[in-house]
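**Student:** Below is work35.cif; it holds mmCIF, C-alpha atoms.
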data_query
loop_
_atom_site.group_PDB
_atom_site.id
_atom_site.type_symbol
_atom_site.label_atom_id
_atom_site.label_comp_id
_atom_site.auth_asym_id
_atom_site.auth_seq_id
_atom_site.Cartn_x
_atom_site.Cartn_y
_atom_site.Cartn_z
ATOM 1 C CA MET A 1 94.182 110.245 115.583
ATOM 2 C CA GLY A 2 96.919 112.337 117.247
ATOM 3 C CA ARG A 3 99.787 110.597 115.437
ATOM 4 C CA PRO A 4 100.621 109.769 111.807
ATOM 5 C CA LYS A 5 98.394 106.980 110.537
ATOM 6 C CA ALA A 6 101.016 105.754 108.092
ATOM 7 C CA ALA A 7 103.296 104.602 110.921
ATOM 8 C CA LEU A 8 100.636 102.915 113.051
ATOM 9 C CA GLU A 9 101.628 99.343 113.908
ATOM 10 C CA TRP A 10 99.720 96.642 112.068
ATOM 11 C CA HIS A 11 100.478 93.017 112.977
ATOM 12 C CA GLY A 12 104.251 93.377 112.869
ATOM 13 C CA SER A 13 104.314 96.027 110.157
ATOM 14 C CA THR A 14 102.717 99.454 109.641
ATOM 15 C CA LEU A 15 99.496 100.553 108.007
ATOM 16 C CA LEU A 16 101.416 102.158 105.146
ATOM 17 C CA HIS A 17 103.613 99.115 104.575
ATOM 18 C CA ARG A 18 100.546 96.889 104.615
ATOM 19 C CA THR A 19 98.629 99.061 102.137
ATOM 20 C CA THR A 20 101.484 99.482 99.672
ATOM 21 C CA ALA A 21 102.519 95.816 99.813
ATOM 22 C CA LEU A 22 98.913 94.778 99.234
ATOM 23 C CA LEU A 23 98.666 97.040 96.206
ATOM 24 C CA ALA A 24 101.984 95.739 94.889
ATOM 25 C CA ARG A 25 100.736 92.146 95.014
ATOM 26 C CA THR A 26 97.473 93.126 93.294
ATOM 27 C CA VAL A 27 98.178 95.560 90.454
ATOM 28 C CA GLY A 28 100.493 95.148 87.501
ATOM 29 C CA GLY A 29 101.791 98.705 87.416
ATOM 30 C CA PRO A 30 103.814 100.981 89.694
ATOM 31 C CA VAL A 31 102.826 101.646 93.311
ATOM 32 C CA LEU A 32 103.253 105.236 94.422
ATOM 33 C CA VAL A 33 103.079 106.975 97.813
ATOM 34 C CA VAL A 34 102.334 110.693 97.870
ATOM 35 C CA ALA A 35 103.913 112.347 100.920
ATOM 36 C CA ALA A 36 103.338 115.787 102.371
ATOM 37 C CA PRO A 37 106.296 118.194 102.141
ATOM 38 C CA GLY A 38 108.975 116.989 104.555
ATOM 39 C CA GLN A 39 106.880 114.067 105.782
ATOM 40 C CA GLY A 40 108.830 111.143 107.216
ATOM 41 C CA LEU A 41 107.582 107.722 106.166
ATOM 42 C CA PRO A 42 108.032 104.260 107.662
ATOM 43 C CA GLU A 43 109.912 101.619 105.708
ATOM 44 C CA LEU A 44 108.220 100.704 102.430
ATOM 45 C CA PRO A 45 108.286 97.481 100.414
ATOM 46 C CA PRO A 46 110.948 97.263 97.686
ATOM 47 C CA GLY A 47 109.954 98.998 94.473
ATOM 48 C CA VAL A 48 107.394 101.355 95.988
ATOM 49 C CA GLU A 49 107.991 104.916 94.804
ATOM 50 C CA VAL A 50 107.586 108.128 96.806
ATOM 51 C CA VAL A 51 106.704 111.534 95.419
ATOM 52 C CA GLU A 52 106.356 114.667 97.541
ATOM 53 C CA ASP A 53 103.523 117.169 97.256
ATOM 54 C CA PRO A 54 104.801 120.583 96.160
ATOM 55 C CA ILE A 55 102.320 122.412 98.403
ATOM 56 C CA ASP A 56 101.156 121.590 101.915
ATOM 57 C CA GLY A 57 97.668 121.954 103.319
ATOM 58 C CA GLN A 58 95.549 121.258 100.229
ATOM 59 C CA GLY A 59 94.252 117.885 101.380
ATOM 60 C CA PRO A 60 93.466 114.795 99.292
ATOM 61 C CA MET A 61 92.963 116.755 96.055
ATOM 62 C CA ARG A 62 96.607 117.874 96.138
ATOM 63 C CA GLY A 63 97.744 114.317 96.704
ATOM 64 C CA LEU A 64 95.521 113.150 93.868
ATOM 65 C CA ALA A 65 96.943 115.708 91.437
ATOM 66 C CA THR A 66 100.529 114.907 92.425
ATOM 67 C CA GLY A 67 100.052 111.163 92.236
ATOM 68 C CA LEU A 68 98.223 111.114 88.897
ATOM 69 C CA ALA A 69 100.801 113.429 87.344
ATOM 70 C CA ALA A 70 103.692 111.322 88.648
ATOM 71 C CA LEU A 71 102.254 108.217 87.037
ATOM 72 C CA GLY A 72 102.226 110.120 83.773
ATOM 73 C CA GLU A 73 102.030 107.837 80.793
ATOM 74 C CA ARG A 74 103.055 104.710 82.666
ATOM 75 C CA SER A 75 99.460 103.781 83.413
ATOM 76 C CA PRO A 76 96.158 105.025 81.973
ATOM 77 C CA VAL A 77 94.304 104.419 85.243
ATOM 78 C CA ALA A 78 95.139 104.248 88.939
ATOM 79 C CA PHE A 79 93.529 102.860 92.062
ATOM 80 C CA VAL A 80 93.817 105.646 94.627
ATOM 81 C CA CYS A 81 93.426 104.930 98.334
ATOM 82 C CA SER A 82 94.273 106.309 101.740
ATOM 83 C CA THR A 83 96.629 104.494 104.094
ATOM 84 C CA ASP A 84 93.982 103.954 106.794
ATOM 85 C CA LEU A 85 92.080 101.057 105.198
ATOM 86 C CA PRO A 86 93.463 98.118 107.202
ATOM 87 C CA PHE A 87 91.020 95.588 105.714
ATOM 88 C CA LEU A 88 91.440 96.579 102.077
ATOM 89 C CA HIS A 89 91.095 93.427 99.966
ATOM 90 C CA PRO A 90 92.528 92.824 96.482
ATOM 91 C CA ALA A 91 89.028 91.829 95.391
ATOM 92 C CA LEU A 92 87.820 95.397 95.997
ATOM 93 C CA ILE A 93 90.741 96.831 94.029
ATOM 94 C CA ARG A 94 90.078 94.486 91.126
ATOM 95 C CA ARG A 95 86.343 95.236 91.165
ATOM 96 C CA VAL A 96 86.946 98.980 90.980
ATOM 97 C CA LEU A 97 89.510 98.717 88.192
ATOM 98 C CA ARG A 98 87.193 96.460 86.190
ATOM 99 C CA GLY A 99 84.918 99.486 85.943
ATOM 100 C CA PHE A 100 87.283 100.857 83.315
ATOM 101 C CA ALA A 101 86.988 97.639 81.292
ATOM 102 C CA ASP A 102 83.190 97.520 81.243
ATOM 103 C CA PRO A 103 81.336 98.255 77.986
ATOM 104 C CA GLU A 104 81.633 101.928 77.025
ATOM 105 C CA SER A 105 84.437 102.288 79.587
ATOM 106 C CA ASP A 106 86.185 104.767 77.319
ATOM 107 C CA THR A 107 83.615 107.300 78.528
ATOM 108 C CA VAL A 108 84.516 106.766 82.208
ATOM 109 C CA ASP A 109 86.966 109.023 84.062
ATOM 110 C CA VAL A 110 86.332 107.858 87.640
ATOM 111 C CA VAL A 111 85.047 104.583 89.106
ATOM 112 C CA LEU A 112 83.658 105.561 92.492
ATOM 113 C CA PRO A 113 82.433 103.104 95.151
ATOM 114 C CA VAL A 114 79.371 104.324 97.031
ATOM 115 C CA ALA A 115 79.209 101.969 100.000
ATOM 116 C CA ARG A 116 76.284 102.130 102.396
ATOM 117 C CA GLY A 117 75.269 105.371 100.721
ATOM 118 C CA TYR A 118 78.658 107.123 101.187
ATOM 119 C CA ARG A 119 81.016 108.010 98.376
ATOM 120 C CA GLN A 120 84.545 106.635 98.752
ATOM 121 C CA PRO A 121 86.867 108.945 96.795
ATOM 122 C CA LEU A 122 89.929 107.520 98.583
ATOM 123 C CA ALA A 123 89.231 103.972 97.467
ATOM 124 C CA ALA A 124 88.404 104.698 93.850
ATOM 125 C CA GLY A 125 89.762 104.454 90.323
ATOM 126 C CA TYR A 126 90.894 107.501 88.358
ATOM 127 C CA ARG A 127 92.219 108.066 84.873
ATOM 128 C CA THR A 128 95.702 109.533 85.197
ATOM 129 C CA ALA A 129 94.825 112.064 82.472
ATOM 130 C CA LEU A 130 92.698 113.836 85.098
ATOM 131 C CA ALA A 131 95.826 115.340 86.696
ATOM 132 C CA GLY A 132 95.499 118.583 84.736
ATOM 133 C CA LEU A 133 91.840 119.028 85.645
ATOM 134 C CA VAL A 134 92.574 118.456 89.331
ATOM 135 C CA GLU A 135 95.363 121.061 89.189
ATOM 136 C CA LYS A 136 92.959 123.534 87.569
ATOM 137 C CA LEU A 137 90.379 123.001 90.306
ATOM 138 C CA LEU A 138 93.030 123.432 92.993
ATOM 139 C CA ALA A 139 94.123 126.718 91.430
ATOM 140 C CA GLU A 140 90.485 127.862 91.600
ATOM 141 C CA GLY A 141 90.285 126.951 95.276
ATOM 142 C CA ASP A 142 88.212 123.780 94.900
ATOM 143 C CA LEU A 143 89.774 121.383 97.413
ATOM 144 C CA ARG A 144 86.949 118.848 97.608
ATOM 145 C CA PRO A 145 86.910 115.646 95.525
ATOM 146 C CA GLY A 146 83.183 116.207 95.017
ATOM 147 C CA MET A 147 83.993 119.220 92.838
ATOM 148 C CA LEU A 148 86.074 117.020 90.549
ATOM 149 C CA PHE A 149 83.156 114.658 90.045
ATOM 150 C CA ARG A 150 81.055 117.546 88.728
ATOM 151 C CA HIS A 151 83.525 118.058 85.903
ATOM 152 C CA CYS A 152 84.166 114.514 84.703
ATOM 153 C CA ARG A 153 82.400 111.261 83.873
ATOM 154 C CA VAL A 154 81.850 109.102 86.940
ATOM 155 C CA THR A 155 80.616 105.531 87.240
ATOM 156 C CA GLN A 156 79.263 104.922 90.736
ATOM 157 C CA LEU A 157 79.306 101.421 92.213
ATOM 158 C CA ASP A 158 76.734 100.952 94.966
ATOM 159 C CA ASP A 159 76.726 97.976 97.331
ATOM 160 C CA ALA A 160 74.929 95.732 94.851
ATOM 161 C CA ALA A 161 77.296 96.645 92.024
ATOM 162 C CA LEU A 162 80.346 96.099 94.230
ATOM 163 C CA LEU A 163 79.234 92.805 95.743
ATOM 164 C CA THR A 164 79.418 90.598 92.701
ATOM 165 C CA GLU A 165 81.168 87.228 92.569
ATOM 166 C CA GLU A 166 84.674 87.518 94.065
ATOM 167 C CA LEU A 167 84.052 90.469 96.383
ATOM 168 C CA ALA A 168 80.748 89.049 97.619
ATOM 169 C CA ARG A 169 82.569 85.858 98.592
ATOM 170 C CA LEU A 170 85.691 87.354 100.139
ATOM 171 C CA ASP A 171 84.485 90.656 101.622
ATOM 172 C CA PRO A 172 80.675 90.498 101.895
ATOM 173 C CA GLN A 173 80.530 93.239 104.558
ATOM 174 C CA LEU A 174 82.727 95.609 102.492
ATOM 175 C CA ASP A 175 85.243 95.819 105.309
ATOM 176 C CA SER A 176 87.695 96.993 102.641
ATOM 177 C CA LEU A 177 86.145 100.432 103.092
ATOM 178 C CA VAL A 178 86.407 100.590 106.888
ATOM 179 C CA ASN A 179 88.885 103.307 107.871
ATOM 180 C CA VAL A 180 90.479 104.268 111.173
ATOM 181 C CA ASN A 181 89.940 107.937 111.956
ATOM 182 C CA GLU A 182 90.044 107.832 115.750
ATOM 183 C CA PRO A 183 92.100 105.926 118.355
ATOM 184 C CA ASP A 184 89.022 103.828 119.194
ATOM 185 C CA ASP A 185 88.667 102.892 115.512
ATOM 186 C CA TYR A 186 92.288 101.771 115.436
ATOM 187 C CA ALA A 187 91.962 99.764 118.657
ATOM 188 C CA ALA A 188 88.800 98.073 117.379
ATOM 189 C CA ALA A 189 90.466 97.228 114.073
ATOM 190 C CA LEU A 190 93.492 95.689 115.807
ATOM 191 C CA ALA A 191 91.181 93.632 118.023
ATOM 192 C CA ARG A 192 89.509 91.957 115.060
ATOM 193 C CA PRO A 193 90.512 88.374 114.256
ATOM 194 C CA GLU A 194 93.212 88.078 111.633
ATOM 195 C CA PRO A 195 92.124 86.812 108.197
ATOM 196 C CA GLU A 196 91.589 83.112 107.585
ATOM 197 C CA VAL A 197 94.069 81.655 105.111
ATOM 198 C CA VAL A 198 94.885 78.151 103.948
ATOM 199 C CA VAL A 199 98.415 76.878 104.550
ATOM 200 C CA GLU A 200 99.962 73.847 102.859
ATOM 201 C CA ARG A 201 103.429 72.343 103.220
ATOM 202 C CA PHE A 202 105.215 70.355 100.554
ATOM 203 C CA GLY A 203 108.287 68.205 100.228
ATOM 204 C CA ALA A 204 110.423 67.796 103.325
ATOM 205 C CA LEU A 205 108.254 70.353 105.137
ATOM 206 C CA ALA A 206 105.269 68.019 104.923
ATOM 207 C CA GLY A 207 106.823 65.183 106.903
ATOM 208 C CA GLY A 208 105.618 63.907 110.243
ATOM 209 C CA GLY A 209 101.943 63.908 109.371
ATOM 210 C CA ARG A 210 101.885 67.572 108.411
ATOM 211 C CA ARG A 211 100.663 67.006 104.848
ATOM 212 C CA GLY A 212 97.382 68.551 103.707
ATOM 213 C CA PRO A 213 95.828 72.009 103.921
ATOM 214 C CA ARG A 214 95.327 73.715 107.245
ATOM 215 C CA LEU A 215 93.150 76.748 107.973
ATOM 216 C CA VAL A 216 94.886 79.367 110.140
ATOM 217 C CA ARG A 217 94.463 83.020 111.041
ATOM 218 C CA ALA A 218 97.338 85.196 109.862
ATOM 219 C CA ALA A 219 97.687 88.802 108.706
ATOM 220 C CA SER A 220 101.133 88.245 107.201
ATOM 221 C CA LEU A 221 103.241 85.544 105.632
ATOM 222 C CA GLY A 222 105.435 85.358 108.729
ATOM 223 C CA ALA A 223 102.388 84.845 110.948
ATOM 224 C CA ALA A 224 101.149 82.073 108.651
ATOM 225 C CA ALA A 225 104.507 80.312 108.933
ATOM 226 C CA ALA A 226 104.497 80.666 112.718
ATOM 227 C CA ALA A 227 100.965 79.279 112.903
ATOM 228 C CA VAL A 228 102.221 75.973 111.503
ATOM 229 C CA GLY A 229 105.429 75.932 113.529
ATOM 230 C CA MET A 230 107.853 77.293 110.956
ATOM 231 C CA SER A 231 110.120 80.311 110.695
ATOM 232 C CA LEU A 232 110.814 81.871 107.306
ATOM 233 C CA ASP A 233 114.490 81.735 106.382
ATOM 234 C CA ARG A 234 116.636 81.136 103.333
ATOM 235 C CA HIS A 235 115.689 77.463 103.343
ATOM 236 C CA ILE A 236 111.953 78.084 102.947
ATOM 237 C CA VAL A 237 110.019 79.855 100.215
ATOM 238 C CA ALA A 238 106.294 80.459 99.903
ATOM 239 C CA ALA A 239 103.953 80.501 96.926
ATOM 240 C CA VAL A 240 100.965 82.762 97.540
ATOM 241 C CA ASN A 241 97.871 81.727 95.607
ATOM 242 C CA GLY A 242 99.938 79.454 93.419
ATOM 243 C CA ASP A 243 102.112 82.023 91.705
ATOM 244 C CA GLN A 244 103.769 84.729 93.808
ATOM 245 C CA MET A 245 107.020 83.279 95.166
ATOM 246 C CA THR A 246 108.387 85.079 98.196
ATOM 247 C CA ARG A 247 109.946 84.758 101.642
ATOM 248 C CA ASP A 248 108.947 88.244 102.791
ATOM 249 C CA ALA A 249 107.563 87.704 106.284
ATOM 250 C CA ARG A 250 105.699 91.030 106.191
ATOM 251 C CA LEU A 251 103.796 90.295 102.992
ATOM 252 C CA PRO A 252 100.142 91.001 103.904
ATOM 253 C CA LEU A 253 97.633 88.182 103.660
ATOM 254 C CA VAL A 254 93.883 88.464 103.214
ATOM 255 C CA THR A 255 90.868 86.215 103.578
ATOM 256 C CA GLY A 256 90.860 83.585 100.850
ATOM 257 C CA ASP A 257 94.637 83.397 100.361
ATOM 258 C CA THR A 258 96.367 80.042 100.004
ATOM 259 C CA VAL A 259 100.002 79.826 101.046
ATOM 260 C CA ALA A 260 102.180 76.890 100.027
ATOM 261 C CA PHE A 261 105.493 76.537 101.881
ATOM 262 C CA LEU A 262 108.276 74.682 100.079
ATOM 263 C CA SER A 263 111.882 73.865 100.766
ATOM 264 C CA ALA A 264 114.040 76.284 98.810
ATOM 265 C CA ASP A 265 116.733 73.604 98.611
ATOM 266 C CA ALA A 266 114.286 71.431 96.692
ATOM 267 C CA GLY A 267 113.839 73.969 93.914
ATOM 268 C CA GLY A 268 111.463 76.502 95.569
#
Output the structure of this file as structure tokens.

**Tutor:**
Amino acid sequence: MGRPKAALEWHGSTLLHRTTALLARTVGGPVLVVAAPGQGLPELPPGVEVVEDPIDGQGPMRGLATGLAALGERSPVAFVCSTDLPFLHPALIRRVLRGFADPESDTVDVVLPVARGYRQPLAAGYRTALAGLVEKLLAEGDLRPGMLFRHCRVTQLDDAALLTEELARLDPQLDSLVNVNEPDDYAAALARPEPEVVVERFGALAGGGRRGPRLVRAASLGAAAAAVGMSLDRHIVAAVNGDQMTRDARLPLVTGDTVAFLSADAGG
């Protein structure tokens, strides 16, 4: 790519901010960024934690070991992903994590998507207890995620297993697993239409014939507000999908979201 992917601009934010904010609005546990030694990071959403790798140059396996160990006993499982998945959808995250809740899930260490025939170790679920095994493999010189899979119990999710119900409806092409490795990939991703979301306005904001849902394209909450002629400020609050109350203009939106704007002065 020639420049840090984490800081690449993404519709008014950065790829890293988008990825971490999306995870924060999807999972119930902590969200953690693993940084290389001395790596500078762009601004992160509130509450996102950063831990630094102790050793440089060991690739994704080092980041995996560091991240799983840092989560410790706070979570039995983790969804692990790279920062360069600009179309990652919460439905994909939920589908992967459900792999640990399937029958006989206590025998599963890794839930690994295999999309279009390719394994996706940086969009997969891992038990945090694997941290010690990953460290052992690193000490032996095994830097490839594929070596880990030889030593633990892996459930693989092919296209058919992934594309059930919610994910089939919201991300039928598995764009969640499209990454940006080259400048052309990044340019093509930015050129794609923003996700379609439904916007509704209530109370005083719905006056002048503006009542009722409206379909707009918006990659963030601020863009959704602008699409219906509003600017987020202290007088306006948004409910995303009926429950998450926020006025964070950079909150990422995805296909299928519904955003309800309310007047904060009216109890929003």

**Student:** Decode the PyMOL selection byres ((chain A and resi 143) around 7) for the given file into explicit residues and return them as a VMD selection string.

**Tutor:** chain A and resid 58 to 59 61 138 141 to 142 144 to 145

**Student:** Please return, as a PyMOL selection string, all polymer residues that have at least one atom within 9 Å of the point (99.4, 104.1, 110.6); use all atoms listed in the file and the file's own coordinate frame.

**Tutor:** chain A and resi 3-10+14-17+83-84+180+186

**Student:** Just want the 12 Å neighbourhood of A:Gly28, counted on all atoms listed in the file, with same-chain residues fewer than 3 positions away dropped. Output as a PDB file with C-alpha atoms, in the coordinates of the input.

**Tutor:**
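Heads up, here's the output in selection_19.pdb:
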ATOM      1  CA  LEU A  22      98.913  94.778  99.234  1.00  0.00           C
ATOM      2  CA  LEU A  23      98.666  97.040  96.206  1.00  0.00           C
ATOM      3  CA  ALA A  24     101.984  95.739  94.889  1.00  0.00           C
ATOM      4  CA  ARG A  25     100.736  92.146  95.014  1.00  0.00           C
ATOM      5  CA  VAL A  31     102.826 101.646  93.311  1.00  0.00           C
ATOM      6  CA  ARG A  74     103.055 104.710  82.666  1.00  0.00           C
ATOM      7  CA  SER A  75      99.460 103.781  83.413  1.00  0.00           C
ATOM      8  CA  VAL A  77      94.304 104.419  85.243  1.00  0.00           C
ATOM      9  CA  ALA A  78      95.139 104.248  88.939  1.00  0.00           C
ATOM     10  CA  PHE A  79      93.529 102.860  92.062  1.00  0.00           C
ATOM     11  CA  ILE A  93      90.741  96.831  94.029  1.00  0.00           C
ATOM     12  CA  ARG A  94      90.078  94.486  91.126  1.00  0.00           C
ATOM     13  CA  LEU A  97      89.510  98.717  88.192  1.00  0.00           C
TER      14      LEU A  97
END

**Student:** Rounded to one decimal place, report the atom CA of A:Ala225-atom CA of A:Pro45 distance in Å.

**Tutor:**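 A separation of 19.5 Å between them.
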
**Student:** What's the 7 Å shell around A:Phe87, counting only C-alpha atoms, without same-chain residues fewer than 6 positions away, as a list in words?

**Tutor:**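 My list of contacting residues is Asp175, Ser176 and Val178 of chain A.
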
**Student:** Restricting the calculation to all atoms listed in the file, which member of A:Ala131, A:Leu92, A:Leu177, A:Val199 is positioned closest to A:Glu165?

**Tutor:** A:Leu92

**Student:** What is the atom CA of A:Ala206 to atom CA of A:Val240 distance in Å?

**Tutor:** 17.0 Å

**Student:** To test your reading of the syntax: which residues would the PyMOL selection byres ((chain A and resi 123) around 8) return for the file shown? Reply as an MDAnalysis selection string.

**Tutor:** chainID A and resid 79:82 112:113 120:122 124:125 177

**Student:** Between atom CA of A:Asn241 and atom CA of A:Ala260, what is the spacing in Å?

**Tutor:**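 Going from atom CA of A:Ala260 over to atom CA of A:Asn241, I get 7.8 Å.
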
**Student:** Write out as number ranges by chain each polymer residue whose atoms come within 12 Å of A:Pro172, counting all atoms listed in the file; drop sequence neighbours fewer than 2 positions from it.

**Tutor:** A: 89, 91-92, 115, 159-160, 162-170, 174-177, 255

**Student:** Using all atoms listed in the file, can you tell me which of A:Ala219, A:Leu32, A:Leu71, A:Leu262 comes closest to A:Arg192?

**Tutor:**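 Distance minimum relative to A:Arg192 lands on A:Ala219.
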